[in-house]
$ cat work-v7.txt   # compact mmCIF, C-alpha atoms
# COMPACT_ATOMS: atom_id res chain seq x y z
CA MET A 19 -76.46 -34.11 23.01
CA VAL A 20 -73.78 -36.05 21.16
CA LEU A 21 -75.98 -36.54 18.10
CA SER A 22 -76.74 -32.81 17.93
CA GLY A 23 -73.22 -32.00 16.72
CA PRO A 24 -69.75 -30.95 17.98
CA ALA A 25 -71.07 -28.38 20.45
CA GLY A 26 -73.42 -30.89 22.01
CA ALA A 27 -70.73 -33.56 22.02
CA TYR A 28 -68.34 -31.23 23.85
CA GLU A 29 -71.02 -30.45 26.42
CA ALA A 30 -71.68 -34.18 26.87
CA LEU A 31 -67.96 -34.80 27.34
CA GLN A 32 -67.78 -32.23 30.11
CA LEU A 33 -70.88 -33.73 31.74
CA TYR A 34 -69.50 -37.29 31.73
CA ARG A 35 -66.10 -36.09 32.85
CA SER A 36 -67.39 -33.98 35.74
CA LYS A 37 -69.72 -36.73 36.99
CA ALA A 38 -66.91 -39.30 36.82
CA LEU A 39 -64.46 -37.05 38.67
CA ARG A 40 -67.03 -36.11 41.31
CA SER A 41 -67.83 -39.76 41.98
CA ASN A 42 -64.14 -40.60 42.12
CA THR A 43 -63.50 -37.85 44.68
CA LYS A 44 -66.24 -39.31 46.86
CA GLY A 45 -64.69 -42.77 46.60
CA GLU A 46 -67.65 -44.01 44.57
CA TYR A 47 -65.38 -45.80 42.12
CA MET A 48 -67.95 -47.96 40.35
CA SER A 49 -70.08 -44.92 39.56
CA SER A 50 -67.02 -43.13 38.24
CA ILE A 51 -66.11 -46.13 36.12
CA GLU A 52 -69.64 -46.35 34.73
CA TYR A 53 -69.75 -42.66 33.79
CA SER A 54 -66.33 -42.63 32.11
CA SER A 55 -66.79 -45.93 30.24
CA THR A 56 -70.32 -45.09 29.05
CA GLY A 57 -69.19 -41.69 27.82
CA ALA A 58 -66.15 -43.16 26.11
CA LYS A 59 -68.23 -45.71 24.20
CA ILE A 60 -70.74 -43.09 23.03
CA MET A 61 -68.01 -40.70 21.90
CA LEU A 62 -66.02 -43.34 20.04
CA LYS A 63 -69.07 -44.78 18.29
CA ASN A 64 -70.08 -41.33 17.05
CA GLY A 65 -66.70 -40.27 15.70
CA TYR A 66 -65.49 -38.04 18.54
CA ASP A 67 -62.16 -39.80 18.96
CA ASN A 68 -60.36 -37.22 21.11
CA ALA A 69 -63.26 -37.05 23.55
CA GLY A 70 -63.47 -40.84 23.62
CA VAL A 71 -59.76 -41.18 24.35
CA GLU A 72 -59.97 -38.58 27.12
CA LEU A 73 -62.69 -40.62 28.82
CA THR A 74 -60.89 -43.95 28.32
CA ASN A 75 -57.84 -42.45 30.00
CA LEU A 76 -60.02 -41.30 32.89
CA PHE A 77 -61.58 -44.78 33.03
CA LEU A 78 -58.14 -46.40 33.39
CA ASP A 79 -56.94 -43.77 35.87
CA VAL A 80 -59.86 -44.56 38.17
CA LEU A 81 -59.27 -48.31 37.86
CA THR A 82 -55.63 -47.80 38.78
CA GLU A 83 -56.39 -45.48 41.69
CA ALA A 84 -59.00 -47.91 43.02
CA ALA A 85 -56.56 -50.82 42.51
CA MET A 86 -59.25 -52.80 40.70
CA ASP A 87 -58.41 -56.10 39.04
CA ILE A 88 -59.76 -57.02 35.62
CA GLU A 89 -62.68 -59.21 36.56
CA HIS A 90 -66.40 -59.09 35.89
CA PRO A 91 -67.91 -56.54 35.34
CA ILE A 92 -64.72 -54.58 34.63
CA ARG A 93 -63.58 -56.95 31.89
CA THR A 94 -66.95 -56.57 30.18
CA LEU A 95 -66.57 -52.78 30.19
CA VAL A 96 -63.05 -53.05 28.74
CA GLU A 97 -64.30 -55.34 25.96
CA GLU A 98 -67.17 -52.97 25.17
CA ILE A 99 -64.76 -50.04 24.91
CA LEU A 100 -62.49 -52.05 22.61
CA ALA A 101 -65.46 -52.84 20.38
CA SER A 102 -66.30 -49.12 20.19
CA PHE A 103 -63.05 -48.02 18.55
CA PRO A 104 -63.49 -47.24 14.84
CA PRO A 105 -61.90 -50.04 12.74
CA GLU A 106 -59.82 -47.51 10.83
CA LYS A 107 -58.33 -46.05 14.04
CA LYS A 108 -56.21 -49.03 15.03
CA ASN A 109 -53.59 -46.80 16.63
CA LEU A 110 -56.14 -45.59 19.19
CA LYS A 111 -57.08 -49.16 20.02
CA VAL A 112 -53.41 -50.10 20.41
CA ASP A 113 -52.82 -47.16 22.76
CA PHE A 114 -55.81 -48.19 24.89
CA LEU A 115 -54.63 -51.81 25.03
CA LYS A 116 -51.11 -50.76 26.04
CA ALA A 117 -52.51 -48.55 28.79
CA SER A 118 -54.82 -51.36 29.91
CA VAL A 119 -51.92 -53.79 30.12
CA LYS A 120 -50.01 -51.24 32.20
CA TRP A 121 -52.97 -50.92 34.58
CA THR A 122 -53.21 -54.71 35.02
CA THR A 123 -49.49 -55.01 35.75
CA LYS A 124 -50.08 -52.69 38.69
CA CYS A 125 -53.39 -54.00 39.95
CA SER A 126 -53.89 -57.62 38.91
CA SER A 127 -52.47 -60.76 40.44
CA ARG A 128 -50.46 -61.36 37.25
CA GLU A 129 -47.02 -59.78 37.43
CA LEU A 130 -46.86 -59.19 33.68
CA GLY A 131 -50.47 -58.12 33.30
CA ASP A 132 -53.61 -59.75 31.97
CA PRO A 133 -52.84 -62.48 29.38
CA LEU A 134 -55.98 -61.86 27.32
CA LEU A 135 -55.17 -58.17 26.94
CA HIS A 136 -51.65 -59.10 25.86
CA VAL A 137 -53.01 -61.39 23.15
CA GLN A 138 -55.46 -58.75 21.93
CA LEU A 139 -52.61 -56.25 21.78
CA ALA A 140 -50.46 -58.79 19.94
CA GLU A 141 -53.17 -59.24 17.30
CA CYS A 142 -53.26 -55.49 16.63
CA LEU A 143 -49.49 -55.11 16.60
CA TRP A 144 -48.99 -58.09 14.27
CA GLU A 145 -51.29 -56.46 11.71
CA SER A 146 -49.04 -53.39 11.86
CA GLN A 147 -45.93 -55.56 11.42
CA ASP A 148 -44.70 -54.47 14.83
CA LYS A 149 -42.04 -56.90 16.11
CA THR A 150 -43.16 -56.47 19.72
CA ALA A 151 -46.27 -58.49 18.85
CA THR A 152 -44.30 -61.69 19.45
CA TYR A 153 -43.52 -60.64 23.02
CA HIS A 154 -47.19 -60.03 23.77
CA TYR A 155 -48.24 -63.42 22.35
CA CYS A 156 -45.68 -65.06 24.61
CA VAL A 157 -46.56 -63.10 27.74
CA GLY A 158 -50.19 -63.81 26.89
CA GLU A 159 -49.41 -67.54 27.04
CA ALA A 160 -50.67 -68.08 23.49
CA PRO A 161 -48.30 -70.55 21.78
CA GLU A 162 -50.95 -71.92 19.41
CA GLN A 163 -52.11 -68.47 18.34
CA LEU A 164 -48.55 -67.35 17.64
CA SER A 165 -47.85 -70.49 15.62
CA ALA A 166 -51.03 -69.96 13.59
CA LYS A 167 -50.19 -66.32 12.98
CA ILE A 168 -46.71 -67.17 11.72
CA PHE A 169 -48.11 -69.63 9.18
CA GLU A 170 -50.88 -67.23 8.24
CA THR A 171 -48.28 -64.56 7.47
CA TYR A 172 -45.49 -66.76 6.08
CA GLY A 173 -47.58 -69.57 4.63
CA GLU A 174 -45.64 -70.15 1.44
CA GLU A 175 -43.01 -72.87 1.42
CA LYS A 176 -40.43 -70.44 0.02
CA GLN A 177 -40.88 -68.20 3.07
CA TYR A 178 -38.99 -70.66 5.25
CA GLN A 179 -36.46 -68.06 6.38
CA GLN A 180 -39.12 -65.70 7.77
CA ARG A 181 -40.89 -68.62 9.49
CA GLU A 182 -37.74 -69.94 11.11
CA ARG A 183 -36.67 -66.53 12.34
CA ALA A 184 -40.13 -65.86 13.77
CA VAL A 185 -40.10 -69.23 15.56
CA THR A 186 -36.65 -68.57 17.03
CA LEU A 187 -37.71 -65.17 18.34
CA GLY A 188 -40.89 -66.68 19.80
CA ILE A 189 -39.05 -69.42 21.68
CA CYS A 190 -36.60 -66.87 23.10
CA HIS A 191 -39.47 -64.73 24.36
CA PHE A 192 -41.21 -67.70 25.99
CA LEU A 193 -38.00 -68.75 27.72
CA ALA A 194 -37.26 -65.18 28.78
CA VAL A 195 -40.35 -65.32 31.02
CA GLU A 196 -39.48 -68.86 32.19
CA ASN A 197 -42.34 -70.45 30.28
CA LEU A 198 -40.70 -73.63 29.07
CA ARG A 199 -44.08 -75.38 28.79
CA ASP A 200 -45.45 -72.96 26.21
CA ALA A 201 -42.09 -72.78 24.43
CA ASN A 202 -42.26 -76.53 23.85
CA GLU A 203 -45.93 -76.38 22.89
CA PHE A 204 -45.17 -73.59 20.41
CA PHE A 205 -42.31 -75.55 18.82
CA THR A 206 -44.44 -78.71 18.62
CA SER A 207 -47.26 -76.75 16.99
CA PHE A 208 -44.82 -75.34 14.45
CA GLN A 209 -43.56 -78.81 13.54
CA LYS A 210 -47.11 -80.15 13.19
CA ARG A 211 -48.07 -77.33 10.88
CA MET A 212 -44.98 -77.97 8.76
CA LYS A 213 -45.99 -81.61 8.35
CA SER A 214 -49.62 -80.78 7.63
CA LYS A 215 -48.53 -78.54 4.76
CA ASN A 216 -46.12 -81.19 3.44
CA PHE A 217 -43.33 -78.67 3.33
CA HIS A 218 -39.93 -79.97 2.29
CA GLU A 219 -37.79 -80.80 5.33
CA ARG A 220 -34.65 -78.68 5.54
CA LYS A 221 -31.61 -79.04 7.75
CA SER A 222 -32.01 -75.57 9.17
CA ASN A 223 -29.48 -74.22 11.64
CA LEU A 224 -32.09 -72.08 13.37
CA ILE A 225 -34.58 -74.89 13.88
CA THR A 226 -31.79 -77.20 15.05
CA PHE A 227 -30.72 -74.51 17.51
CA CYS A 228 -34.28 -74.16 18.82
CA ASP A 229 -34.56 -77.92 19.29
CA TYR A 230 -31.24 -78.12 21.16
CA LEU A 231 -32.06 -75.05 23.24
CA LEU A 232 -35.35 -76.51 24.46
CA GLN A 233 -33.65 -79.79 25.33
CA THR A 234 -30.90 -77.92 27.20
CA CYS A 235 -33.47 -75.97 29.22
CA LYS A 236 -34.88 -79.23 30.58
CA ARG A 237 -31.68 -79.99 32.48
CA ASP A 238 -29.02 -78.21 34.50
CA ALA A 239 -26.60 -77.67 31.64
CA THR A 240 -25.16 -74.17 31.86
CA PRO A 241 -21.87 -74.98 30.04
CA LEU A 242 -23.86 -76.61 27.23
CA PHE A 243 -26.08 -73.53 26.92
CA LYS A 244 -23.04 -71.26 26.56
CA GLN A 245 -21.49 -73.58 23.98
CA LEU A 246 -24.77 -73.77 22.06
CA VAL A 247 -25.18 -69.99 21.82
CA ASN A 248 -21.57 -69.53 20.77
CA SER A 249 -21.80 -72.26 18.13
CA TYR A 250 -24.86 -70.72 16.48
CA ALA A 251 -23.93 -67.06 17.03
CA SER A 252 -23.67 -66.28 13.32
CA ASP A 253 -27.13 -67.76 12.68
CA LEU A 254 -28.70 -65.75 15.51
CA ASP A 255 -27.52 -62.31 14.43
CA PHE A 256 -30.58 -61.67 12.24
CA ASP A 257 -32.25 -59.82 15.12
CA GLU A 258 -30.44 -58.20 18.03
CA ASN A 259 -33.45 -58.98 20.25
CA VAL A 260 -32.63 -62.69 19.99
CA THR A 261 -29.10 -62.23 21.30
CA THR A 262 -30.29 -59.80 23.97
CA LEU A 263 -32.91 -62.25 25.21
CA LEU A 264 -30.55 -65.22 25.19
CA MET A 265 -27.69 -63.50 26.98
CA GLY A 266 -30.02 -61.61 29.33
CA PRO A 267 -33.26 -63.03 30.76
CA VAL A 268 -32.94 -66.53 29.25
CA ALA A 269 -29.43 -66.99 30.60
CA THR A 270 -30.38 -65.57 33.99
CA ARG A 271 -33.75 -67.22 34.56
CA MET A 272 -33.19 -70.58 32.93
CA PHE A 273 -29.54 -71.14 33.82
CA GLY A 274 -28.74 -68.76 36.68
CA ILE A 275 -26.08 -66.93 34.69
CA THR A 276 -25.40 -63.41 35.97
CA PRO A 277 -25.01 -61.05 33.00
CA LYS A 278 -21.79 -59.10 32.75
CA PRO A 279 -22.16 -55.43 33.75
CA ASN A 280 -22.18 -52.97 30.89
CA MET A 281 -19.07 -50.85 31.35
CA MET A 282 -20.51 -47.90 29.43
CA ASN A 283 -23.59 -47.87 31.64
CA MET A 284 -21.38 -48.02 34.74
CA LEU A 285 -19.26 -45.12 33.47
CA SER A 286 -22.33 -43.03 32.62
CA HIS A 287 -23.72 -43.67 36.10
CA MET A 288 -20.45 -42.59 37.72
CA LEU A 289 -20.26 -39.41 35.67
CA SER A 290 -23.88 -38.48 36.44
CA ALA A 291 -23.48 -39.09 40.19
$ encode --input "work-v7.txt" --output "C-alpha cells"
Amino acid sequence: MVLSGPAGAYEALQLYRSKALRSNTKGEYMSSIEYSSTGAKIMLKNGYDNAGVELTNLFLDVLTEAAMDIEHPIRTLVEEILASFPPEKKNLKVDFLKASVKWTTKCSSRELGDPLLHVQLAECLWESQDKTATYHYCVGEAPEQLSAKIFETYGEEKQYQQRERAVTLGICHFLAVENLRDANEFFTSFQKRMKSKNFHERKSNLITFCDYLLQTCKRDATPLFKQLVNSYASDLDFDENVTTLLMGPVATRMFGITPKPNMMNMLSHMLSA
C-alpha cells in the first residue's frame, strides 16, 4: 500500500493508526506499540515524514500511558525508529529524541531520563551547533565523548579560547547534576588530550578556575566557593549559562547555598495573584 503512492500510504497510515489505537483501548499495549512502531518505520523509510512522525508520536504516547521503561525490546524498537529517519531530516530525529527523553523522565528509574538517549540527542544537537548539546552529554554521563567532541570541533591550537569555554561550561553542567566524578574525569580527559597534541601550555584563567572549582567541590568549603566565583567573575561572563549554573544548581547542590529570591519574579507573582 505504501509503495503504491500517496493514496496508498495514507490508507496504510490510517490502518496502522486505527489498529494501534484499538489495541491501546483494550490495554494490549505491546500490540499497540508494535503497530505504531512498524508503521512509523515503513513511513519514514519511504519518504512519508508527516505520517511517520504521527505514528512515532502515537508510539511514545502509548509507552507513556503504559508507563513502560526503556528496556528490551522497547529500546530495540526505539533504535530501529531512529535508524529510519532520513539523514537529511535531522530536525525530525531531534524532535523524536527530545520526546523520547521526556517519556523516559516520566517512566524510567532515571530521574533525568535515559542516559543513552541523552547522548544520542547531544550528538545531533552538537552537529547543529546547539549549545544545549553540552547539557545532554553531561546528563548522559559521557565525559569522554564530550571531551572528544570538543577536540574534534576545536582541534587547532589557536582555538584555545573555544576549547576552554566549552570545558568550563561542561564542568558546570556536570556539577549542576551533582556528578563530581564525571566532572573530574572530563577535566582529566581534556588535560590528556592537550598533552597528546603537544599544545603549548597557557596560564589560562578559565582552566585555573575549573581546576580550583573541582578541588573546592571535594571539601566543605562554601566561603571558598563564593570567593572563587567572585574572583573569576569577569572571566566567566562569556556565557550567561555558566553564571546561572554556578549561582543556581551548583551552589545549591554542591555547597548547600540557597539562591536569593528573584524580586521581579516575586512581584510578578503577587500582581498575578
$ atom_distance --input "work-v7.txt" --atom1 "atom CA of Pro267 of chain A" --atom2 "atom CA of Pro241 of chain A"
16.5 Å
$ residues_around --input "work-v7.txt" --residues "segment 58-72 of chain A" --least-positions-apart "2" --cutoff "10 Å" --atoms "only C-alpha atoms" --output "ChimeraX atom specification"
/A:20-21,23-24,27-28,30-32,34-35,52-56,74-77,95,98-104,107,110-111,113-114
$ residues_around --input "work-v7.txt" --residues "Thr270 of chain A" --least-positions-apart "6" --cutoff "10 Å" --atoms "all atoms listed in the file" --output "VMD selection string"
chain A and resid 194 196 263 to 264 276 to 277
$ write_last_selection --input "work-v7.txt" --atoms "C-alpha atoms" --output "compact mmCIF listing (two decimals), in the frame of the given file"
# COMPACT_ATOMS: atom_id res chain seq x y z
CA ALA A 194 -37.26 -65.18 28.78
CA GLU A 196 -39.48 -68.86 32.19
CA LEU A 263 -32.91 -62.25 25.21
CA LEU A 264 -30.55 -65.22 25.19
CA THR A 276 -25.40 -63.41 35.97
CA PRO A 277 -25.01 -61.05 33.00
$ residues_around --input "work-v7.txt" --residues "Val112 of chain A" --least-positions-apart "5" --cutoff "12 Å" --atoms "only C-alpha atoms" --output "list of chain:residue names"
A:Val71, A:Leu100, A:Phe103, A:Pro104, A:Pro105, A:Glu106, A:Lys107, A:Ala117, A:Ser118, A:Val119, A:Leu135, A:His136, A:Val137, A:Gln138, A:Leu139, A:Ala140, A:Glu141, A:Cys142, A:Leu143, A:Trp144, A:Glu145, A:Ser146, A:Asp148, A:Ala151
$ atom_distance --input "work-v7.txt" --atom1 "atom CA of His191 of chain A" --atom2 "atom CA of Asn216 of chain A"
27.4 Å
$ closest_residue --input "work-v7.txt" --among "A:Lys244, A:Arg237, A:Arg181, A:Lys124" --to "Phe208 of chain A" --atoms "only C-alpha atoms"
A:Arg181
$ residues_around --input "work-v7.txt" --residues "Arg199 of chain A" --least-positions-apart "3" --cutoff "12 Å" --atoms "only C-alpha atoms" --output "VMD selection string"
chain A and resid 156 159 to 161 189 192 to 193 195 to 196 202 to 206 232 to 233 235 to 236
$ write_last_selection --input "work-v7.txt" --atoms "C-alpha atoms" --output "PDB file, keeping the file's coordinate frame"
ATOM      1  CA  CYS A 156     -45.680 -65.060  24.610  1.00  0.00           C
ATOM      2  CA  GLU A 159     -49.410 -67.540  27.040  1.00  0.00           C
ATOM      3  CA  ALA A 160     -50.670 -68.080  23.490  1.00  0.00           C
ATOM      4  CA  PRO A 161     -48.300 -70.550  21.780  1.00  0.00           C
ATOM      5  CA  ILE A 189     -39.050 -69.420  21.680  1.00  0.00           C
ATOM      6  CA  PHE A 192     -41.210 -67.700  25.990  1.00  0.00           C
ATOM      7  CA  LEU A 193     -38.000 -68.750  27.720  1.00  0.00           C
ATOM      8  CA  VAL A 195     -40.350 -65.320  31.020  1.00  0.00           C
ATOM      9  CA  GLU A 196     -39.480 -68.860  32.190  1.00  0.00           C
ATOM     10  CA  ASN A 202     -42.260 -76.530  23.850  1.00  0.00           C
ATOM     11  CA  GLU A 203     -45.930 -76.380  22.890  1.00  0.00           C
ATOM     12  CA  PHE A 204     -45.170 -73.590  20.410  1.00  0.00           C
ATOM     13  CA  PHE A 205     -42.310 -75.550  18.820  1.00  0.00           C
ATOM     14  CA  THR A 206     -44.440 -78.710  18.620  1.00  0.00           C
ATOM     15  CA  LEU A 232     -35.350 -76.510  24.460  1.00  0.00           C
ATOM     16  CA  GLN A 233     -33.650 -79.790  25.330  1.00  0.00           C
ATOM     17  CA  CYS A 235     -33.470 -75.970  29.220  1.00  0.00           C
ATOM     18  CA  LYS A 236     -34.880 -79.230  30.580  1.00  0.00           C
TER      19      LYS A 236
END
$ residues_around --input "work-v7.txt" --residues "Phe217 of chain A" --least-positions-apart "6" --cutoff "10 Å" --atoms "only C-alpha atoms" --output "ChimeraX atom specification"
/A:174-176,178,211
$ atom_distance --input "work-v7.txt" --atom1 "atom CA of Ile225 of chain A" --atom2 "atom CA of Glu182 of chain A"
6.5 Å
$ closest_residue --input "work-v7.txt" --among "A:Ala184, A:Leu246, A:Asp132, A:Lys108" --to "Tyr230 of chain A" --atoms "all atoms listed in the file"
A:Leu246
